[in-house]
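A.B. asks: Before I ask anything, here is the structure I am working with.
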Amino acid sequence: MKKFTRLAFIAEQFGYEYADIGQGGGPDGNGYVMLIVPDPSPQARARAAQNWARYPDASDGGTLPTLVPDEVELLKARITFNITAKFTDKQRVLLAAAGAVPLALLVGFEIGTGTTAVVLTGIVWAAVMALVPLGLVVNRRYRAKYAALLQAAGYTEVTDPNGRLRYVPPDGQLPGHGNPFARGT
């Protein structure tokens, strides 16, 4: 999260805004991909012009604006909330059940054969599924913690066009509102 929040903060200093985060990045497709879009607001344009003048070598690895801890913490809250709110609890249970099957088959047939393998597969699947409620509780706590932080900072809870719970900035618009190529999130 630290790298994503730092990247989002620096991007916001140069005229962009954090819009969303999703899974599917990296060489194996299991990493996260962050969506950053141009921020057309006059405040963002003025901030970008000021920072480009102040940090002309920023794009070449030069000096960058210093991080503002409160702003970075808010970005971390937004990013973490978006990750934890990506799926509903029901979707998480279904994903866990579907993901536990190949794992259970792999372990079961690696350890034994025949009836033993089937029994071991069932035991491994049941053990993985027994951990699902714990994962749901942890996810709910993270979501509640970061939702409270965002609400305290003036963010408002909305449901995006895809039915996903999001928090909009105090100006009341989802990030990407000025981007004609935004996908509605």
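Naming works like this for the structure tokens: A, B, ... for the chains as they're shown, residue 1 at the start of each chain, ligands 1 onward in shown order.
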So that I can check the surroundings of segment 130-146 of chain A, please list as a list of chain:residue names every protein, DNA and RNA residue that reaches within 8 Å of it, counting only C-alpha atoms and ignoring chain neighbours fewer than 5 positions away.

C.D. replies: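 My list of contacting residues is A:Ala77, A:Arg78, A:Thr80, A:Phe81, A:Thr84, A:Ala85, A:Asp89, A:Arg92, A:Val93, A:Ala96.
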
A.B. asks: As number ranges by chain, list the residues of chain A assigned to strand (DSSP E) by DSSP on the backbone atoms of this structure.

C.D. replies: A: 16-25, 31-38, 156-159, 165-168

A.B. asks: Once you have the residues from the selection above, write them out as a tab-separated table (two decimals), in the first residue's frame, restricted to N, CA and C atoms.

C.D. replies:
chain	number	residue	atom	x	y	z
A	16	TYR	N	-3.00	15.04	-11.60
A	16	TYR	CA	-3.79	13.81	-11.76
A	16	TYR	C	-4.51	13.52	-10.47
A	17	GLU	N	-5.41	12.54	-10.50
A	17	GLU	CA	-6.09	12.12	-9.29
A	17	GLU	C	-6.27	10.61	-9.29
A	18	TYR	N	-6.21	10.06	-8.09
A	18	TYR	CA	-6.44	8.62	-7.91
A	18	TYR	C	-7.91	8.34	-8.21
A	19	ALA	N	-8.17	7.31	-9.03
A	19	ALA	CA	-9.55	6.97	-9.38
A	19	ALA	C	-9.98	5.62	-8.81
A	20	ASP	N	-9.11	4.61	-8.92
A	20	ASP	CA	-9.52	3.27	-8.48
A	20	ASP	C	-8.30	2.36	-8.45
A	21	ILE	N	-8.51	1.19	-7.91
A	21	ILE	CA	-7.47	0.16	-7.89
A	21	ILE	C	-8.17	-1.17	-8.14
A	22	GLY	N	-7.50	-2.03	-8.86
A	22	GLY	CA	-8.06	-3.34	-9.14
A	22	GLY	C	-6.97	-4.38	-9.28
A	23	GLN	N	-7.38	-5.61	-9.30
A	23	GLN	CA	-6.42	-6.70	-9.42
A	23	GLN	C	-6.25	-7.08	-10.88
A	24	GLY	N	-5.08	-7.59	-11.22
A	24	GLY	CA	-4.85	-8.03	-12.59
A	24	GLY	C	-3.53	-7.55	-13.15
A	25	GLY	N	-2.71	-6.92	-12.35
A	25	GLY	CA	-1.43	-6.41	-12.84
A	25	GLY	C	-0.30	-7.37	-12.57
A	31	GLY	N	-1.19	-9.09	-9.30
A	31	GLY	CA	-0.87	-7.81	-8.66
A	31	GLY	C	-2.01	-6.82	-8.80
A	32	TYR	N	-1.79	-5.65	-8.29
A	32	TYR	CA	-2.79	-4.60	-8.36
A	32	TYR	C	-2.43	-3.59	-9.44
A	33	VAL	N	-3.45	-2.99	-10.03
A	33	VAL	CA	-3.29	-1.93	-11.02
A	33	VAL	C	-4.05	-0.72	-10.52
A	34	MET	N	-3.36	0.42	-10.45
A	34	MET	CA	-4.01	1.62	-9.97
A	34	MET	C	-4.38	2.50	-11.16
A	35	LEU	N	-5.58	3.04	-11.14
A	35	LEU	CA	-6.06	3.93	-12.19
A	35	LEU	C	-5.91	5.37	-11.70
A	36	ILE	N	-5.13	6.13	-12.44
A	36	ILE	CA	-4.94	7.55	-12.16
A	36	ILE	C	-5.38	8.30	-13.41
A	37	VAL	N	-6.21	9.30	-13.22
A	37	VAL	CA	-6.77	10.04	-14.35
A	37	VAL	C	-6.44	11.53	-14.23
A	38	PRO	N	-6.46	12.25	-15.34
A	38	PRO	CA	-6.23	13.70	-15.27
A	38	PRO	C	-7.30	14.38	-14.43
A	156	THR	N	-18.07	11.32	1.14
A	156	THR	CA	-19.45	10.86	1.19
A	156	THR	C	-19.56	9.49	0.54
A	157	GLU	N	-20.34	8.62	1.15
A	157	GLU	CA	-20.55	7.27	0.64
A	157	GLU	C	-21.54	7.30	-0.52
A	158	VAL	N	-21.17	6.68	-1.64
A	158	VAL	CA	-22.05	6.56	-2.80
A	158	VAL	C	-21.89	5.17	-3.40
A	159	THR	N	-22.85	4.80	-4.21
A	159	THR	CA	-22.76	3.55	-4.97
A	159	THR	C	-22.46	3.93	-6.41
A	165	LEU	N	-19.74	0.09	-3.58
A	165	LEU	CA	-19.70	1.16	-2.60
A	165	LEU	C	-18.38	1.90	-2.72
A	166	ARG	N	-18.45	3.24	-2.79
A	166	ARG	CA	-17.26	4.08	-2.93
A	166	ARG	C	-17.43	5.30	-2.04
A	167	TYR	N	-16.36	6.01	-1.84
A	167	TYR	CA	-16.39	7.29	-1.14
A	167	TYR	C	-15.93	8.36	-2.11
A	168	VAL	N	-16.73	9.41	-2.22
A	168	VAL	CA	-16.38	10.52	-3.11
A	168	VAL	C	-15.74	11.63	-2.30

A.B. asks: Restricting the calculation to only C-alpha atoms: of A:Met129, A:Leu74, A:Ile10, A:Ala44, which residue gets closest to Ala152 of chain A?

C.D. replies: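 Nearest candidate to Ala152 of chain A out of A:Met129, A:Leu74, A:Ile10, A:Ala44: A:Leu74.
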
A.B. asks: Given the choices A:Gln13, A:Asn82, A:Asn51, A:Ser41, which gets closest to Ala147 of chain A if the distance is worked out from only C-alpha atoms?

C.D. replies: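 Nearest candidate to Ala147 of chain A out of A:Gln13, A:Asn82, A:Asn51, A:Ser41: A:Asn82.
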
A.B. asks: Once DSSP has gone over the backbone, tell me which residues of segment 17-122 of chain A are in alpha helix (DSSP H), as a PyMOL selection string.

C.D. replies: chain A and resi 42-54+69-84+89-111+114-122

A.B. asks: Please provide the set of residues having any atom within 9 Å of Lys2 of chain A, restricted to only C-alpha atoms, with same-chain residues fewer than 5 positions apart removed, written as a ChimeraX atom specification.

C.D. replies: /A:7,72,76

A.B. asks: Let's have the selection written as an mmCIF file, in the first residue's frame, with C-alpha atoms.

C.D. replies:
data_model
loop_
_atom_site.group_PDB
_atom_site.id
_atom_site.type_symbol
_atom_site.label_atom_id
_atom_site.label_comp_id
_atom_site.auth_asym_id
_atom_site.auth_seq_id
_atom_site.Cartn_x
_atom_site.Cartn_y
_atom_site.Cartn_z
ATOM 1 C CA LEU A 7 2.495 7.215 -6.278
ATOM 2 C CA VAL A 72 -1.048 10.291 2.297
ATOM 3 C CA LYS A 76 -4.196 5.044 1.879
#

A.B. asks: Set the distance at 8 Å and use only C-alpha atoms: which residues neighbour Gly154 of chain A once local chain neighbours fewer than 4 positions away are removed? I'd like the list as a list in words.

C.D. replies: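 Result of the neighbour search: Leu150, Pro169 and Pro170 of chain A.
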
A.B. asks: Any idea what's packed within 12 Å of Val118 of chain A, counting only C-alpha atoms, ignoring anything in its chain fewer than 4 positions away? Could you give it as a list in words?

C.D. replies: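 Once the nearby chain positions are removed, what remains is Val101, Ala104, Leu105, Leu106, Val107, Gly108, Phe109, Glu110, Ile111, Gly112, Thr113, Gly114, Gly122, Ile123, Val124 and Trp125 of chain A.
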
A.B. asks: Point out the residue among A:Trp52, A:Glu73, A:Ala148, A:Gly61 with the least atom-to-atom distance to Phe4 of chain A, counting only C-alpha atoms.

C.D. replies: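 Nearest to Phe4 of chain A: A:Glu73.
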
A.B. asks: Quick one: distance from atom CA of Pro42 of chain A to atom CA of Asp70 of chain A in Å, one decimal?

C.D. replies: 22.1 Å
